[in-house]
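Asks: Hey, dropping upload_14.cif in here, mmCIF, C-alpha atoms and all ligand atoms:
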```cif
data_protein
loop_
_atom_site.label_atom_id
_atom_site.label_comp_id
_atom_site.auth_asym_id
_atom_site.auth_seq_id
_atom_site.Cartn_x
_atom_site.Cartn_y
_atom_site.Cartn_z
CA MET A 12 -62.47 -16.36 79.58
CA ALA A 13 -60.16 -14.05 81.53
CA ILE A 14 -56.69 -15.34 82.42
CA ASP A 15 -53.53 -14.02 84.12
CA ILE A 16 -55.34 -11.89 86.75
CA SER A 17 -53.27 -10.50 89.65
CA ASP A 18 -54.42 -11.68 93.11
CA ARG A 19 -52.91 -8.55 94.62
CA TYR A 20 -54.93 -6.28 92.30
CA VAL A 21 -58.12 -8.20 93.15
CA ALA A 22 -57.51 -7.87 96.91
CA GLU A 23 -56.89 -4.13 96.59
CA HIS A 24 -59.88 -3.35 94.36
CA THR A 25 -62.67 -5.35 95.95
CA ARG A 26 -62.85 -3.37 99.20
CA GLY A 27 -65.14 -0.50 100.21
CA ALA A 28 -68.82 0.42 100.20
CA THR A 29 -69.30 0.47 96.40
CA GLN A 30 -67.87 -3.03 95.99
CA THR A 31 -70.05 -4.22 98.90
CA ALA A 32 -73.09 -2.81 97.06
CA LEU A 33 -72.03 -4.73 93.94
CA ARG A 34 -71.67 -7.92 96.02
CA THR A 35 -75.29 -7.42 97.13
CA ILE A 36 -76.45 -7.03 93.51
CA ILE A 37 -74.56 -10.23 92.60
CA ALA A 38 -76.17 -12.08 95.54
CA LEU A 39 -79.62 -10.84 94.47
CA SER A 40 -79.07 -11.63 90.79
CA PRO A 41 -81.61 -14.53 90.63
CA ALA A 42 -84.36 -12.17 91.85
CA ILE A 43 -83.17 -9.34 89.56
CA LEU A 44 -83.18 -11.74 86.59
CA ALA A 45 -86.76 -12.81 87.34
CA TYR A 46 -87.88 -9.17 87.64
CA ARG A 47 -86.18 -8.22 84.36
CA ARG A 48 -87.70 -11.23 82.63
CA ALA A 49 -91.13 -9.90 83.64
CA LEU A 50 -90.24 -6.44 82.31
CA ARG A 51 -89.10 -7.95 79.00
CA TRP A 52 -92.37 -9.82 78.73
CA LEU A 53 -94.32 -6.60 79.35
CA ASN A 54 -92.25 -4.78 76.69
CA GLN A 55 -92.07 -7.59 74.14
CA GLY A 56 -94.36 -5.89 71.64
CA ARG A 57 -92.47 -2.59 71.74
CA ALA A 58 -90.43 -2.19 68.55
CA HIS A 59 -87.76 0.51 68.23
CA GLU A 60 -88.08 1.65 64.65
CA GLY A 61 -85.52 3.89 62.98
CA SER A 62 -84.24 5.15 59.67
CA ALA A 63 -80.46 5.58 60.04
CA LYS A 64 -78.18 3.15 58.20
CA CYS A 65 -75.19 1.90 60.16
CA ARG A 66 -72.07 3.48 58.73
CA ILE A 67 -68.66 3.09 60.37
CA THR A 68 -66.54 6.03 59.28
CA GLU A 69 -63.19 6.17 57.49
CA ALA A 70 -61.60 6.88 60.90
CA LEU A 71 -61.51 3.08 61.23
CA ASP A 72 -59.50 2.61 58.03
CA ASN A 73 -57.23 5.51 58.95
CA CYS A 74 -56.10 3.79 62.18
CA ALA A 75 -54.58 0.84 60.27
CA SER A 76 -50.94 1.95 60.37
CA HIS A 77 -51.13 2.81 64.10
CA PHE A 78 -52.79 -0.54 64.81
CA GLN A 79 -50.22 -2.48 62.83
CA GLN A 80 -47.39 -0.76 64.68
CA HIS A 81 -48.81 -0.92 68.24
CA ARG A 82 -51.46 -3.69 67.98
CA TRP A 83 -54.12 -1.32 69.35
CA ALA A 84 -55.83 1.84 68.09
CA LEU A 85 -58.22 4.42 69.46
CA VAL A 86 -60.81 5.64 66.95
CA GLU A 87 -62.84 8.83 67.46
CA ASN A 88 -66.11 9.44 65.53
CA PHE A 89 -66.49 5.71 65.00
CA PHE A 90 -70.10 5.80 63.76
CA ALA A 91 -71.58 8.34 61.33
CA ASP A 92 -73.44 11.00 63.35
CA ASP A 93 -76.97 10.08 62.29
CA PHE A 94 -76.51 6.44 63.25
CA HIS A 95 -74.86 7.35 66.55
CA ARG A 96 -77.78 9.66 67.41
CA GLU A 97 -80.29 6.92 66.72
CA LEU A 98 -78.21 4.34 68.63
CA ILE A 99 -78.33 6.57 71.73
CA SER A 100 -82.02 7.42 71.33
CA GLN A 101 -83.01 3.74 71.30
CA TRP A 102 -80.40 2.43 73.73
CA PRO A 103 -81.96 -0.60 75.46
CA GLY A 104 -83.26 -0.44 79.01
CA ARG A 105 -81.23 -2.27 81.65
CA TYR A 106 -84.00 -4.88 81.87
CA GLU A 107 -82.75 -6.30 78.54
CA LEU A 108 -79.44 -7.24 80.19
CA LYS A 109 -78.26 -9.66 82.86
CA PRO A 110 -76.95 -8.28 86.18
CA PRO A 111 -73.26 -8.91 86.99
CA ARG A 112 -72.40 -12.37 88.30
CA THR A 113 -68.87 -11.68 89.53
CA LEU A 114 -66.75 -8.80 90.84
CA ALA A 115 -64.20 -9.66 88.14
CA LYS A 116 -66.60 -8.33 85.44
CA SER A 117 -69.11 -6.32 87.43
CA TYR A 118 -71.29 -4.75 84.75
CA ASP A 119 -74.61 -5.65 83.12
CA THR A 120 -74.37 -7.47 79.79
CA GLY A 121 -76.76 -8.88 77.22
CA LEU A 122 -78.30 -8.65 73.76
CA SER A 123 -75.52 -10.94 72.62
CA TRP A 124 -75.21 -13.05 69.51
CA GLY A 125 -72.57 -15.33 68.11
CA ALA A 126 -71.43 -16.56 64.73
CA GLY A 127 -73.61 -19.65 65.29
CA ASN A 128 -76.81 -17.54 65.27
CA ALA A 129 -77.94 -17.69 61.63
CA GLU A 130 -80.90 -15.53 62.62
CA PRO A 131 -80.61 -12.63 65.07
CA PRO A 132 -82.05 -13.41 68.53
CA ARG A 133 -85.62 -12.10 69.09
CA ASN A 134 -84.62 -9.41 71.59
CA ILE A 135 -82.18 -7.93 69.01
CA ARG A 136 -84.85 -7.86 66.31
CA LYS A 137 -86.82 -5.24 68.30
CA TYR A 138 -84.04 -2.67 67.78
CA HIS A 139 -83.54 -1.12 64.37
CA THR A 140 -80.07 0.13 65.34
CA LEU A 141 -78.84 -3.23 66.69
CA MET A 142 -80.10 -5.01 63.57
CA GLN A 143 -78.33 -2.43 61.42
CA LEU A 144 -75.13 -2.80 63.42
CA ARG A 145 -75.27 -6.60 63.21
CA ALA A 146 -75.67 -6.45 59.42
CA CYS A 147 -72.75 -4.01 59.20
CA LEU A 148 -70.34 -6.01 61.41
CA CYS A 149 -71.13 -9.28 59.61
CA CYS A 150 -70.91 -8.04 56.02
CA VAL A 151 -68.09 -8.97 53.66
CA ASP A 152 -67.01 -5.36 53.23
CA PHE A 153 -66.51 -4.88 56.98
CA SER A 154 -64.54 -8.15 57.21
CA ARG A 155 -62.26 -6.76 54.52
CA ARG A 156 -61.88 -3.41 56.37
CA ILE A 157 -61.12 -4.92 59.76
CA SER A 158 -58.73 -7.48 58.25
CA HIS A 159 -56.89 -4.58 56.60
CA VAL A 160 -56.61 -2.80 59.96
CA HIS A 161 -55.21 -5.96 61.57
CA GLY A 162 -52.66 -6.50 58.78
CA ARG A 163 -50.66 -9.73 58.43
CA SER A 164 -52.93 -10.98 55.57
CA VAL A 165 -55.65 -12.33 57.84
CA ASN A 166 -59.32 -12.84 56.96
CA LEU A 167 -61.28 -11.88 60.09
CA GLN A 168 -65.00 -12.54 60.55
CA CYS A 169 -67.28 -11.25 63.28
CA ASN A 170 -67.59 -14.03 65.83
CA SER A 171 -69.61 -12.52 68.68
CA PHE A 172 -71.31 -9.38 69.99
CA LEU A 173 -72.23 -8.19 73.48
CA LEU A 174 -73.80 -4.99 74.83
CA HIS A 175 -72.82 -3.59 78.25
CA MET A 176 -73.94 -1.01 80.82
CA THR A 177 -71.89 -0.11 83.87
CA ARG A 178 -72.95 1.22 87.28
CA SER A 179 -70.95 2.89 90.08
CA GLY A 180 -68.03 0.64 91.02
CA SER A 181 -68.28 -1.59 87.92
CA GLN A 182 -64.90 -2.84 86.78
CA VAL A 183 -63.09 -5.51 84.83
CA PHE A 184 -59.87 -6.72 86.44
CA PRO A 185 -56.85 -6.43 84.14
CA HIS A 186 -56.55 -9.72 82.26
CA ARG A 187 -55.80 -11.42 78.99
CA ASP A 188 -58.46 -13.34 77.10
CA SER A 189 -57.86 -17.09 77.04
CA TYR A 190 -57.79 -16.78 73.23
CA TYR A 191 -54.40 -15.10 73.73
CA ARG A 192 -52.97 -18.64 73.78
CA ALA A 193 -54.80 -19.80 70.65
CA LYS A 194 -52.90 -19.96 67.39
CA HIS A 195 -55.47 -18.11 65.25
CA PRO A 196 -55.66 -14.31 64.92
CA ALA A 197 -58.30 -12.33 66.85
CA LEU A 198 -59.16 -8.65 67.16
CA ASN A 199 -61.64 -7.08 69.58
CA ILE A 200 -63.49 -3.80 69.05
CA LEU A 201 -64.88 -2.08 72.11
CA MET A 202 -67.39 0.52 70.89
CA PHE A 203 -68.30 3.33 73.29
CA ALA A 204 -71.77 4.74 72.62
CA ASP A 205 -72.08 7.15 75.54
CA GLY A 206 -70.70 8.06 78.96
CA GLN A 207 -69.02 10.95 80.74
CA GLY A 208 -65.58 9.39 80.27
CA GLY A 209 -62.52 11.01 81.81
CA GLN A 210 -61.07 9.90 85.14
CA ASN A 211 -62.81 6.72 86.42
CA GLY A 212 -65.26 6.90 83.53
CA GLY A 213 -64.96 3.21 82.69
CA GLY A 214 -62.79 3.66 79.60
CA LEU A 215 -60.98 0.51 78.53
CA VAL A 216 -57.37 0.40 79.68
CA ILE A 217 -54.57 -1.42 77.87
CA SER A 218 -51.58 -2.03 80.11
CA ARG A 219 -48.24 -3.80 79.91
CA ASP A 220 -48.83 -5.31 83.37
CA ASN A 221 -51.84 -6.90 85.10
CA GLU A 222 -52.12 -4.23 87.83
CA PHE A 223 -52.57 -1.12 85.66
CA LYS A 224 -49.18 0.25 86.79
CA ASP A 225 -47.72 0.49 83.29
CA ILE A 226 -50.62 1.79 81.22
CA ILE A 227 -50.31 2.06 77.45
CA VAL A 228 -53.68 3.73 76.76
CA GLU A 229 -56.93 4.49 78.57
CA ALA A 230 -60.01 5.55 76.56
CA GLN A 231 -61.16 8.94 77.84
CA ASN A 232 -63.84 10.01 75.37
CA LEU A 233 -66.65 7.47 75.58
CA ARG A 234 -69.05 9.20 73.22
CA ASN A 235 -68.89 7.61 69.77
CA SER A 236 -65.38 6.19 69.96
CA ALA A 237 -63.83 2.73 69.85
CA LEU A 238 -60.72 1.01 71.11
CA LEU A 239 -59.43 -1.88 68.99
CA TYR A 240 -56.84 -4.35 70.20
CA ASP A 241 -55.13 -7.51 69.05
CA VAL A 242 -56.21 -10.28 71.43
CA LYS A 243 -52.87 -12.03 70.81
CA ALA A 244 -50.70 -9.02 71.62
CA ASP A 245 -48.59 -9.09 74.77
CA PHE A 246 -50.67 -6.72 76.94
CA PHE A 247 -53.59 -6.76 79.37
CA HIS A 248 -56.98 -5.05 79.27
CA GLY A 249 -59.81 -4.16 81.64
CA PHE A 250 -61.15 -1.01 83.29
CA ARG A 251 -60.88 0.63 86.69
CA PRO A 252 -63.89 0.96 89.04
CA VAL A 253 -66.37 3.44 87.58
CA GLY A 254 -66.72 6.59 89.68
CA LYS A 255 -69.88 7.50 91.56
CA GLY A 256 -72.59 8.91 89.27
CA LYS A 257 -70.76 7.91 86.09
CA PHE A 258 -71.94 5.45 83.47
CA ARG A 259 -70.70 3.83 80.29
CA TRP A 260 -72.82 2.41 77.48
CA SER A 261 -70.74 0.17 75.27
CA MET A 262 -70.65 -2.84 72.95
CA SER A 263 -67.95 -5.32 72.06
CA ALA A 264 -67.45 -7.33 68.90
CA GLU A 265 -64.88 -10.07 68.53
CA PHE A 266 -63.36 -10.88 65.13
CA LYS A 267 -61.52 -14.14 64.52
CA GLY A 268 -59.58 -15.63 61.64
CA LYS A 269 -58.48 -19.12 60.68
FE FE A 301 -61.21 -9.56 77.87
#
```
Rewrite the coordinates I just gave you, this time as structure tokens.
Ligand SMILES: [Fe+2]
Replies:
Amino acid sequence: MAIDISDRYVAEHTRGATQTALRTIIALSPAILAYRRALRWLNQGRAHEGSAKCRITEALDNCASHFQQHRWALVENFFADDFHRELISQWPGRYELKPPRTLAKSYDTGLSWGAGNAEPPRNIRKYHTLMQLRACLCCVDFSRRISHVHGRSVNLQCNSFLLHMTRSGSQVFPHRDSYYRAKHPALNILMFADGQGGQNGGGLVISRDNEFKDIIVEAQNLRNSALLYDVKADFFHGFRPVGKGKFRWSMSAEFKGK
């Protein structure tokens, strides 16, 4: 859950035609959900086969010293090229996701799973790439790698996964996650699969304040990159309204320790 949101930022960034269009989508979400449910039913037998193995490159391991110093790190060339190509080629249709329910997080999300899911949900099983990615994020070797990046002798395990797609005007208000106040360690990876990036591209922003006035980093390249951050670090995250005609395809994975 998002905490520590600025009322002033919300008032300033929920005005205008694009935000009004998003309000309409939110109001229509029950009808959109029903329509997408029908599309999923029509496409239920369609499997997305593939051959690429999920490999997350050494760029991840190489960011460890930066992460341990700053509690965030930007990683380029996150996935091996063949897996990234296949991930893009079988990127799910929007009908697999839920429409936004609030202006605070106004993008489509879905294809989620949590640590409690012993078996992958049925909609994930249709996608070779998402099954590969799940196996990779949950394996012992990746736990070791991500714990090494975090430092401080933690033992992090993948706790949840979510896939996202933005539209014009989509945004996430600058916030902290409620887990910020928990005593256990946590690290989030936001993986960017595709998008134009650049100015108003929907790149994740990490900021010292909750109005994006004192920005530490903003992801610009959204094609096969990732931004990692320590959920317990003293900064905020979110992204600014996505510009007209731009999109971002992304996934997040949360890692927690005891
Ligand atoms: Fe968050």
Asks: Compute the set of protein, DNA and RNA residues whose minimum atom distance to ligand FE 301 (chain A) is at most 8 Å, using all atoms listed in the file, and state it as a compact mmCIF listing (two decimals) with C-alpha atoms, in the frame of the given file.
Replies:
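The resulting file, pocket-v7.txt, is shown below:
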```
# COMPACT_ATOMS: atom_id res chain seq x y z
CA MET A 12 -62.47 -16.36 79.58
CA ALA A 13 -60.16 -14.05 81.53
CA HIS A 186 -56.55 -9.72 82.26
CA ARG A 187 -55.80 -11.42 78.99
CA ASP A 188 -58.46 -13.34 77.10
CA HIS A 248 -56.98 -5.05 79.27
CA GLY A 249 -59.81 -4.16 81.64
```
Asks: Under the rule that all atoms listed in the file are counted, which of A:Arg155, A:Arg82, A:His175, A:Lys137 is the nearest residue to Tyr240 of chain A?
Replies: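 Closest candidate: A:Arg82.
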Asks: Within 8 Å of Ala70 of chain A, counting only C-alpha atoms, which residues show up once you throw out same-chain ones fewer than 2 positions away? Write them as a list in words, please.
Replies: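 Surrounding residues, per the criterion: Thr68, Asp72, Asn73, Cys74, Val86, Glu87, Asn88 and Phe89 of chain A.
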Asks: Which one of A:Asn54, A:Gln79, A:Ser189, A:Asn166 sits closest to Asn134 of chain A if you count all atoms listed in the file?
Replies: A:Asn54
Asks: Of the candidates A:Gln210, A:Ser17, A:Gln30, A:Ser76, which one gets nearest to Val160 of chain A if we count only C-alpha atoms?
Replies: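 For Val160 of chain A, the nearest of the candidates is A:Ser76.
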Asks: Would you please work out which residue, of A:Phe78, A:Trp102, A:Leu114, A:Asp18, is nearest to Ile37 of chain A when using all atoms listed in the file?
Replies: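 When distances to Ile37 of chain A are compared using all atoms listed in the file, the smallest one comes from A:Leu114.
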Asks: Suppose you want the space between atom CA of Ala32 of chain A and atom CA of Gly180 of chain A; what is it in Å?
Replies: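 Taking atom CA of Ala32 of chain A as the start and atom CA of Gly180 of chain A as the end point, the length is 8.6 Å.
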Asks: So which residues touch Glu60 of chain A within 9 Å, counting all atoms listed in the file, skipping near sequence neighbours fewer than 6 positions away, as a list in words?
Replies: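 So the residues in contact are Gln101, Lys137, Tyr138, His139 and Thr140 of chain A.
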Asks: Go ahead and compute the interatomic distance for atom CA of Pro185 of chain A and atom CA of Cys169 of chain A, in Å to one decimal.
Replies: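 Computing it gives 23.8 Å between the two atoms.
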Asks: Using all atoms listed in the file, find the one residue out of A:Ser218, A:Asn235, A:Asn170, A:Gln182 that sits nearest to Pro196 of chain A.
Replies: A:Asn170
Asks: Using only C-alpha atoms, which residue out of A:Ile99, A:Cys149, A:Ser123, A:Pro41 lies closest to Arg234 of chain A?
Replies: A:Ile99
Asks: For the atom pair atom CA of Ala22 of chain A and atom CA of Phe184 of chain A, what is the interatomic distance in Å to one decimal place?
Replies: 10.8 Å
Asks: Please determine an axis-aligned box that encloses all atoms of segment 229-240 of chain A listed in the file, with 6 Å added on each side, and express its centre and edge lengths in Å to one decimal as AutoDock Vina command-line options.
Replies:
```
--center_x -62.9 --center_y 2.8 --center_z 73.8 --size_x 24.2 --size_y 26.4 --size_z 21.6
```
Asks: Show me the residues close to (-66.6, -9.1, 58.7) - anything with an atom within 9 Å, counting all atoms listed in the file - and format the list as a count of residues only.
Replies: 18
Asks: Within 12 Å of Phe250 of chain A, counting only C-alpha atoms, which residues show up once you throw out same-chain ones fewer than 5 positions away? Write them as an mmCIF file with C-alpha atoms, in the coordinates of the input, please.
Replies:
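Just written: result_24.cif:
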```cif
data_model
loop_
_atom_site.group_PDB
_atom_site.id
_atom_site.type_symbol
_atom_site.label_atom_id
_atom_site.label_comp_id
_atom_site.auth_asym_id
_atom_site.auth_seq_id
_atom_site.Cartn_x
_atom_site.Cartn_y
_atom_site.Cartn_z
ATOM 1 C CA HIS A 24 -59.880 -3.350 94.360
ATOM 2 C CA ALA A 115 -64.200 -9.660 88.140
ATOM 3 C CA LYS A 116 -66.600 -8.330 85.440
ATOM 4 C CA SER A 117 -69.110 -6.320 87.430
ATOM 5 C CA TYR A 118 -71.290 -4.750 84.750
ATOM 6 C CA THR A 177 -71.890 -0.110 83.870
ATOM 7 C CA GLY A 180 -68.030 0.640 91.020
ATOM 8 C CA SER A 181 -68.280 -1.590 87.920
ATOM 9 C CA GLN A 182 -64.900 -2.840 86.780
ATOM 10 C CA VAL A 183 -63.090 -5.510 84.830
ATOM 11 C CA PHE A 184 -59.870 -6.720 86.440
ATOM 12 C CA PRO A 185 -56.850 -6.430 84.140
ATOM 13 C CA HIS A 186 -56.550 -9.720 82.260
ATOM 14 C CA LEU A 201 -64.880 -2.080 72.110
ATOM 15 C CA GLY A 208 -65.580 9.390 80.270
ATOM 16 C CA GLN A 210 -61.070 9.900 85.140
ATOM 17 C CA ASN A 211 -62.810 6.720 86.420
ATOM 18 C CA GLY A 212 -65.260 6.900 83.530
ATOM 19 C CA GLY A 213 -64.960 3.210 82.690
ATOM 20 C CA GLY A 214 -62.790 3.660 79.600
ATOM 21 C CA LEU A 215 -60.980 0.510 78.530
ATOM 22 C CA VAL A 216 -57.370 0.400 79.680
ATOM 23 C CA ILE A 217 -54.570 -1.420 77.870
ATOM 24 C CA SER A 218 -51.580 -2.030 80.110
ATOM 25 C CA ASN A 221 -51.840 -6.900 85.100
ATOM 26 C CA GLU A 222 -52.120 -4.230 87.830
ATOM 27 C CA PHE A 223 -52.570 -1.120 85.660
ATOM 28 C CA ILE A 226 -50.620 1.790 81.220
ATOM 29 C CA VAL A 228 -53.680 3.730 76.760
ATOM 30 C CA GLU A 229 -56.930 4.490 78.570
ATOM 31 C CA ALA A 230 -60.010 5.550 76.560
ATOM 32 C CA GLN A 231 -61.160 8.940 77.840
ATOM 33 C CA ARG A 259 -70.700 3.830 80.290
#
```
Asks: Show which residues sit within 6 Å of segment 242-244 of chain A, as a PyMOL selection string. Count all atoms listed in the file, and ignore same-chain residues fewer than 2 positions away.
Replies: chain A and resi 191+197-198+246
